[in-house]
file input08.cif (mmCIF, C-alpha atoms)
data_structure
loop_
_atom_site.group_PDB
_atom_site.id
_atom_site.type_symbol
_atom_site.label_atom_id
_atom_site.label_comp_id
_atom_site.auth_asym_id
_atom_site.auth_seq_id
_atom_site.Cartn_x
_atom_site.Cartn_y
_atom_site.Cartn_z
ATOM 1 C CA MET A 781 3.384 -0.560 -10.503
ATOM 2 C CA ALA A 782 1.143 -3.326 -9.227
ATOM 3 C CA LEU A 783 -0.869 -2.483 -6.111
ATOM 4 C CA THR A 784 0.192 -5.178 -3.682
ATOM 5 C CA ALA A 785 -0.749 -6.083 -0.102
ATOM 6 C CA SER A 786 1.361 -7.653 2.643
ATOM 7 C CA THR A 787 1.520 -11.436 2.739
ATOM 8 C CA MET A 788 0.713 -11.309 6.477
ATOM 9 C CA LEU A 789 3.448 -13.670 7.639
ATOM 10 C CA PRO A 790 2.097 -15.788 10.544
ATOM 11 C CA LEU A 791 2.380 -14.160 13.960
ATOM 12 C CA GLY A 792 4.961 -15.888 16.142
ATOM 13 C CA THR A 793 7.357 -16.425 13.224
ATOM 14 C CA LYS A 794 11.009 -16.049 14.273
ATOM 15 C CA ALA A 795 12.788 -13.120 12.628
ATOM 16 C CA PRO A 796 14.883 -14.473 9.756
ATOM 17 C CA ASP A 797 18.529 -13.499 10.103
ATOM 18 C CA PHE A 798 20.266 -11.484 7.407
ATOM 19 C CA ASN A 799 23.614 -9.930 6.666
ATOM 20 C CA LEU A 800 23.235 -6.809 4.570
ATOM 21 C CA PRO A 801 25.357 -3.722 3.946
ATOM 22 C CA GLU A 802 24.165 -0.477 5.496
ATOM 23 C CA VAL A 803 24.043 2.060 2.652
ATOM 24 C CA VAL A 804 25.688 4.984 4.454
ATOM 25 C CA SER A 805 28.550 3.268 6.282
ATOM 26 C CA GLY A 806 28.817 0.064 4.239
ATOM 27 C CA LYS A 807 28.977 -1.902 7.503
ATOM 28 C CA GLY A 808 27.417 -5.348 7.631
ATOM 29 C CA THR A 809 24.130 -5.468 9.521
ATOM 30 C CA SER A 810 22.400 -8.536 10.959
ATOM 31 C CA LEU A 811 19.908 -9.421 13.691
ATOM 32 C CA SER A 812 22.761 -9.517 16.198
ATOM 33 C CA THR A 813 23.411 -5.815 15.490
ATOM 34 C CA PHE A 814 20.208 -5.113 17.419
ATOM 35 C CA ALA A 815 20.527 -7.794 20.122
ATOM 36 C CA ASP A 816 20.491 -5.247 22.967
ATOM 37 C CA LYS A 817 17.048 -3.891 22.049
ATOM 38 C CA LYS A 818 13.727 -5.159 23.403
ATOM 39 C CA ALA A 819 11.886 -4.751 20.100
ATOM 40 C CA LEU A 820 12.809 -4.686 16.427
ATOM 41 C CA LEU A 821 11.009 -2.986 13.565
ATOM 42 C CA VAL A 822 11.965 -4.268 10.122
ATOM 43 C CA MET A 823 10.512 -2.267 7.272
ATOM 44 C CA PHE A 824 10.854 -2.797 3.549
ATOM 45 C CA ILE A 825 10.910 0.531 1.763
ATOM 46 C CA CYS A 826 12.431 2.119 -1.326
ATOM 47 C CA ARG A 827 13.028 5.599 -2.631
ATOM 48 C CA HIS A 828 10.834 5.862 -5.713
ATOM 49 C CA CYS A 829 7.509 4.359 -4.567
ATOM 50 C CA PRO A 830 4.672 6.900 -4.195
ATOM 51 C CA PHE A 831 3.339 4.980 -1.178
ATOM 52 C CA VAL A 832 6.681 5.338 0.605
ATOM 53 C CA LYS A 833 6.990 8.992 -0.422
ATOM 54 C CA HIS A 834 3.519 9.557 1.044
ATOM 55 C CA ILE A 835 4.682 8.374 4.497
ATOM 56 C CA GLN A 836 8.391 9.243 4.492
ATOM 57 C CA LYS A 837 7.997 12.146 6.933
ATOM 58 C CA GLU A 838 6.338 9.769 9.396
ATOM 59 C CA LEU A 839 9.152 7.230 8.922
ATOM 60 C CA VAL A 840 11.691 9.945 9.754
ATOM 61 C CA GLN A 841 9.572 10.939 12.768
ATOM 62 C CA LEU A 842 9.386 7.312 13.963
ATOM 63 C CA GLY A 843 13.169 7.226 13.939
ATOM 64 C CA LYS A 844 13.314 10.422 16.002
ATOM 65 C CA ASP A 845 10.587 9.425 18.440
ATOM 66 C CA TYR A 846 12.084 6.027 19.237
ATOM 67 C CA PHE A 847 15.777 6.900 18.951
ATOM 68 C CA THR A 848 16.431 6.642 22.689
ATOM 69 C CA SER A 849 13.916 3.853 23.284
ATOM 70 C CA ASP A 850 14.347 0.095 23.411
ATOM 71 C CA LEU A 851 13.214 -0.212 19.775
ATOM 72 C CA ALA A 852 15.695 -0.921 16.995
ATOM 73 C CA ILE A 853 14.685 0.072 13.469
ATOM 74 C CA VAL A 854 16.124 -1.316 10.265
ATOM 75 C CA ALA A 855 14.838 -0.367 6.830
ATOM 76 C CA ILE A 856 15.635 -2.596 3.873
ATOM 77 C CA SER A 857 15.328 -1.845 0.166
ATOM 78 C CA ALA A 858 15.254 -4.903 -2.067
ATOM 79 C CA ASN A 859 14.223 -3.418 -5.412
ATOM 80 C CA ASP A 860 16.038 -4.319 -8.605
ATOM 81 C CA ALA A 861 18.504 -1.426 -8.879
ATOM 82 C CA LYS A 862 19.288 -2.127 -12.535
ATOM 83 C CA ASN A 863 15.720 -1.364 -13.598
ATOM 84 C CA TYR A 864 14.981 1.074 -10.758
ATOM 85 C CA PRO A 865 18.157 3.162 -10.298
ATOM 86 C CA ASP A 866 16.469 5.410 -7.691
ATOM 87 C CA ASP A 867 16.635 2.369 -5.429
ATOM 88 C CA ALA A 868 20.335 1.636 -5.977
ATOM 89 C CA PRO A 869 22.607 1.838 -2.896
ATOM 90 C CA GLU A 870 24.164 5.190 -3.910
ATOM 91 C CA SER A 871 20.719 6.743 -4.336
ATOM 92 C CA LEU A 872 19.533 5.224 -1.048
ATOM 93 C CA GLN A 873 22.602 6.705 0.649
ATOM 94 C CA ALA A 874 21.647 10.152 -0.673
ATOM 95 C CA PHE A 875 18.054 9.570 0.447
ATOM 96 C CA ALA A 876 19.188 8.652 3.980
ATOM 97 C CA THR A 877 21.310 11.804 4.165
ATOM 98 C CA GLU A 878 18.647 14.101 2.669
ATOM 99 C CA GLN A 879 15.939 12.788 5.010
ATOM 100 C CA GLY A 880 18.205 12.741 8.058
ATOM 101 C CA LEU A 881 17.449 9.097 8.788
ATOM 102 C CA ASN A 882 18.763 8.057 12.175
ATOM 103 C CA PHE A 883 18.029 4.370 11.696
ATOM 104 C CA THR A 884 19.789 1.720 9.668
ATOM 105 C CA LEU A 885 19.012 1.511 5.933
ATOM 106 C CA CYS A 886 20.282 -1.585 4.128
ATOM 107 C CA TYR A 887 20.259 -2.807 0.555
ATOM 108 C CA ASP A 888 19.224 -6.389 -0.213
ATOM 109 C CA GLU A 889 20.851 -6.954 -3.587
ATOM 110 C CA SER A 890 20.101 -10.689 -3.742
ATOM 111 C CA GLN A 891 16.494 -10.095 -2.599
ATOM 112 C CA GLU A 892 16.865 -13.164 -0.356
ATOM 113 C CA THR A 893 16.116 -11.213 2.822
ATOM 114 C CA ALA A 894 12.902 -9.845 1.325
ATOM 115 C CA LYS A 895 11.903 -13.397 0.409
ATOM 116 C CA ALA A 896 12.765 -14.695 3.895
ATOM 117 C CA TYR A 897 10.377 -12.114 5.372
ATOM 118 C CA THR A 898 7.810 -12.706 2.592
ATOM 119 C CA ALA A 899 7.964 -8.958 1.952
ATOM 120 C CA ALA A 900 5.642 -8.112 -0.890
ATOM 121 C CA CYS A 901 5.243 -4.345 -1.067
ATOM 122 C CA THR A 902 6.788 -1.029 -0.207
ATOM 123 C CA PRO A 903 6.161 -0.187 2.526
ATOM 124 C CA ASP A 904 5.910 -3.477 4.433
ATOM 125 C CA PHE A 905 6.309 -3.509 8.245
ATOM 126 C CA PHE A 906 7.270 -6.270 10.704
ATOM 127 C CA VAL A 907 7.581 -5.838 14.500
ATOM 128 C CA PHE A 908 9.366 -8.459 16.602
ATOM 129 C CA ASP A 909 9.469 -8.802 20.382
ATOM 130 C CA ASP A 910 12.460 -9.461 22.635
ATOM 131 C CA GLN A 911 12.469 -13.138 21.589
ATOM 132 C CA ARG A 912 12.428 -11.918 17.969
ATOM 133 C CA GLN A 913 9.023 -13.436 17.394
ATOM 134 C CA LEU A 914 6.660 -11.619 15.038
ATOM 135 C CA VAL A 915 3.953 -9.722 16.904
ATOM 136 C CA TYR A 916 2.836 -7.292 14.188
ATOM 137 C CA ARG A 917 2.820 -7.191 10.416
ATOM 138 C CA GLY A 918 0.699 -4.795 8.496
ATOM 139 C CA GLN A 919 0.037 -1.191 7.728
ATOM 140 C CA LEU A 920 1.453 2.014 9.143
ATOM 141 C CA ASP A 921 -2.066 3.461 9.327
ATOM 142 C CA ASP A 922 -5.174 3.942 7.162
ATOM 143 C CA SER A 923 -3.670 6.745 5.043
ATOM 144 C CA ARG A 924 -2.993 6.172 1.346
ATOM 145 C CA PRO A 925 -1.716 8.652 -1.259
ATOM 146 C CA SER A 926 -5.199 9.273 -2.641
ATOM 147 C CA ASN A 927 -7.639 8.810 0.268
ATOM 148 C CA GLY A 928 -7.132 12.125 2.074
ATOM 149 C CA LYS A 929 -6.649 10.510 5.493
ATOM 150 C CA PRO A 930 -3.805 11.967 7.577
ATOM 151 C CA VAL A 931 -0.575 10.035 8.051
ATOM 152 C CA THR A 932 -0.419 9.246 11.778
ATOM 153 C CA GLY A 933 1.416 5.932 12.063
ATOM 154 C CA ALA A 934 -1.355 4.871 14.447
ATOM 155 C CA ASP A 935 -1.421 1.120 13.759
ATOM 156 C CA LEU A 936 2.341 0.623 13.775
ATOM 157 C CA ARG A 937 2.881 2.927 16.765
ATOM 158 C CA ALA A 938 0.229 1.063 18.798
ATOM 159 C CA ALA A 939 2.042 -2.225 18.133
ATOM 160 C CA ILE A 940 5.430 -0.738 19.043
ATOM 161 C CA GLU A 941 4.084 0.792 22.256
ATOM 162 C CA ALA A 942 2.490 -2.520 23.285
ATOM 163 C CA VAL A 943 5.734 -4.448 22.759
ATOM 164 C CA LEU A 944 7.806 -1.877 24.623
ATOM 165 C CA ALA A 945 5.322 -2.002 27.525
ATOM 166 C CA GLY A 946 5.411 -5.819 27.604
ATOM 167 C CA LYS A 947 1.746 -6.032 26.600
ATOM 168 C CA PRO A 948 0.151 -8.182 23.892
ATOM 169 C CA VAL A 949 -0.319 -6.672 20.455
ATOM 170 C CA THR A 950 -3.834 -6.807 19.063
ATOM 171 C CA GLY A 951 -4.415 -9.665 16.636
ATOM 172 C CA GLU A 952 -6.555 -7.424 14.439
ATOM 173 C CA GLN A 953 -3.987 -6.254 11.918
ATOM 174 C CA LYS A 954 -4.617 -4.774 8.473
ATOM 175 C CA PRO A 955 -2.196 -5.529 5.642
ATOM 176 C CA SER A 956 0.068 -2.820 4.342
ATOM 177 C CA VAL A 957 -0.548 -1.813 0.740
ATOM 178 C CA GLY A 958 1.880 -0.317 -1.740
ATOM 179 C CA CYS A 959 3.909 -0.901 -4.864
ATOM 180 C CA ASN A 960 5.116 -4.440 -5.353
ATOM 181 C CA ILE A 961 8.769 -5.103 -4.617
ATOM 182 C CA LYS A 962 10.587 -4.844 -7.934
ATOM 183 C CA TRP A 963 11.917 -8.366 -8.294
ATOM 184 C CA LYS A 964 14.796 -9.044 -10.630
ATOM 185 C CA PRO A 965 13.664 -10.864 -13.776
ATOM 186 C CA GLY A 966 13.227 -14.547 -12.943
ATOM 187 C CA ASN A 967 13.687 -13.931 -9.193
ATOM 188 C CA GLN A 968 10.037 -13.501 -8.239
ATOM 189 C CA PRO A 969 9.041 -15.530 -5.187
ATOM 190 C CA SER A 970 6.229 -18.068 -5.299
ATOM 191 C CA TYR A 971 3.956 -15.735 -3.293
ATOM 192 C CA PHE A 972 4.235 -12.917 -5.869
ATOM 193 C CA GLY A 973 1.473 -12.431 -8.415
#
call {"tool": "encode", "arguments": {"input": "input08.cif", "output": "structure tokens"}}
result
Amino acid sequence: MALTASTMLPLGTKAPDFNLPEVVSGKGTSLSTFADKKALLVMFICRHCPFVKHIQKELVQLGKDYFTSDLAIVAISANDAKNYPDDAPESLQAFATEQGLNFTLCYDESQETAKAYTAACTPDFFVFDDQRQLVYRGQLDDSRPSNGKPVTGADLRAAIEAVLAGKPVTGEQKPSVGCNIKWKPGNQPSYFG
């Protein structure tokens, strides 16, 4: 594991489109799947990462809290399943069922979607407005597995609430930190390392 921070994709960036299979239903998922929602949260997660495990209850709670709101949530796992079988689609399907996820969880086998978003770590969060322009990228909150701070989701929730209220999101955004995305051998993006 290499401790890795978000790349902090420039604010205002248009959400890159994707077409990925949802791990529970197998249905194709793209930006148009969420066209009726005012805001979109794209998060890159996986099953085995201790940073994701540290916040997984809050991720489940986010899904519950915003289920009837105008926020769409899609989680994407892009880790190399050959070398990290916990992050293979079948394992992710079990994870989604065990955790009771009520948001979409996709698998990015080619890792091209992760590259398009310049995702670097798990977890990595991106919030887009109704024009699908990036208004937030960064951490869930200040909690880390070893710092003793409570998991609150404060930073991400503040951004989501601002977008849903039609207000600007603060420009002061701290990068997320976690395990690096497990790139397939020879598939590492130029921004990695």
call {"tool": "resolve_selection", "arguments": {"input": "input08.cif", "expression": "the PyMOL selection byres ((chain A and resi 918-933) around 9)", "output": "count of residues only"}}
result
30
call {"tool": "resolve_selection", "arguments": {"input": "input08.cif", "expression": "the PyMOL selection byres ((chain A and resi 792-802) around 6)", "output": "JSON, numbers by chain"}}
result
{"A": [790, 791, 803, 804, 805, 806, 807, 808, 809, 810, 811, 885, 886, 912, 913, 914]}
call {"tool": "closest_atom_pairs", "arguments": {"input": "input08.cif", "of": "segment 833-857 of chain A", "to": "segment 892-896 of chain A", "cutoff": "12 Å", "atoms": "all atoms listed in the file", "output": "CSV"}}
result
residue,atom,partner,partner_atom,distance
A:Ala855,CA,A:Ala894,CA,11.1
A:Ile856,CA,A:Ala894,CA,8.2
A:Ser857,CA,A:Ala894,CA,8.4
call {"tool": "residues_around", "arguments": {"input": "input08.cif", "residues": "Lys962 of chain A", "least_positions_apart": "6", "cutoff": "10 Å", "atoms": "all atoms listed in the file", "output": "NGL selection string"}}
result
:A and (781-782 or 826 or 857-861 or 863-864 or 867 or 891 or 900-902 or 968)
call {"tool": "atom_distance", "arguments": {"input": "input08.cif", "atom1": "atom CA of Glu889 of chain A", "atom2": "atom CA of Gly843 of chain A"}}
result
23.8 Å
call {"tool": "residues_around", "arguments": {"input": "input08.cif", "residues": "Ala945 of chain A", "least_positions_apart": "4", "cutoff": "12 Å", "atoms": "only C-alpha atoms", "output": "list in words"}}
result
Lys818, Ala819, Ser849, Asp850, Leu851, Asp909, Asp910, Ala938, Ala939, Ile940, Glu941 and Val949 of chain A
call {"tool": "atom_distance", "arguments": {"input": "input08.cif", "atom1": "atom CA of Asn960 of chain A", "atom2": "atom CA of Leu872 of chain A"}}
result
17.9 Å
call {"tool": "axis_aligned_box", "arguments": {"input": "input08.cif", "around": "segment 918-925 of chain A", "padding_each_side": "8 Å", "output": "AutoDock Vina command-line options"}}
result
--center_x -1.9 --center_y 1.9 --center_z 4.0 --size_x 22.6 --size_y 29.4 --size_z 26.6
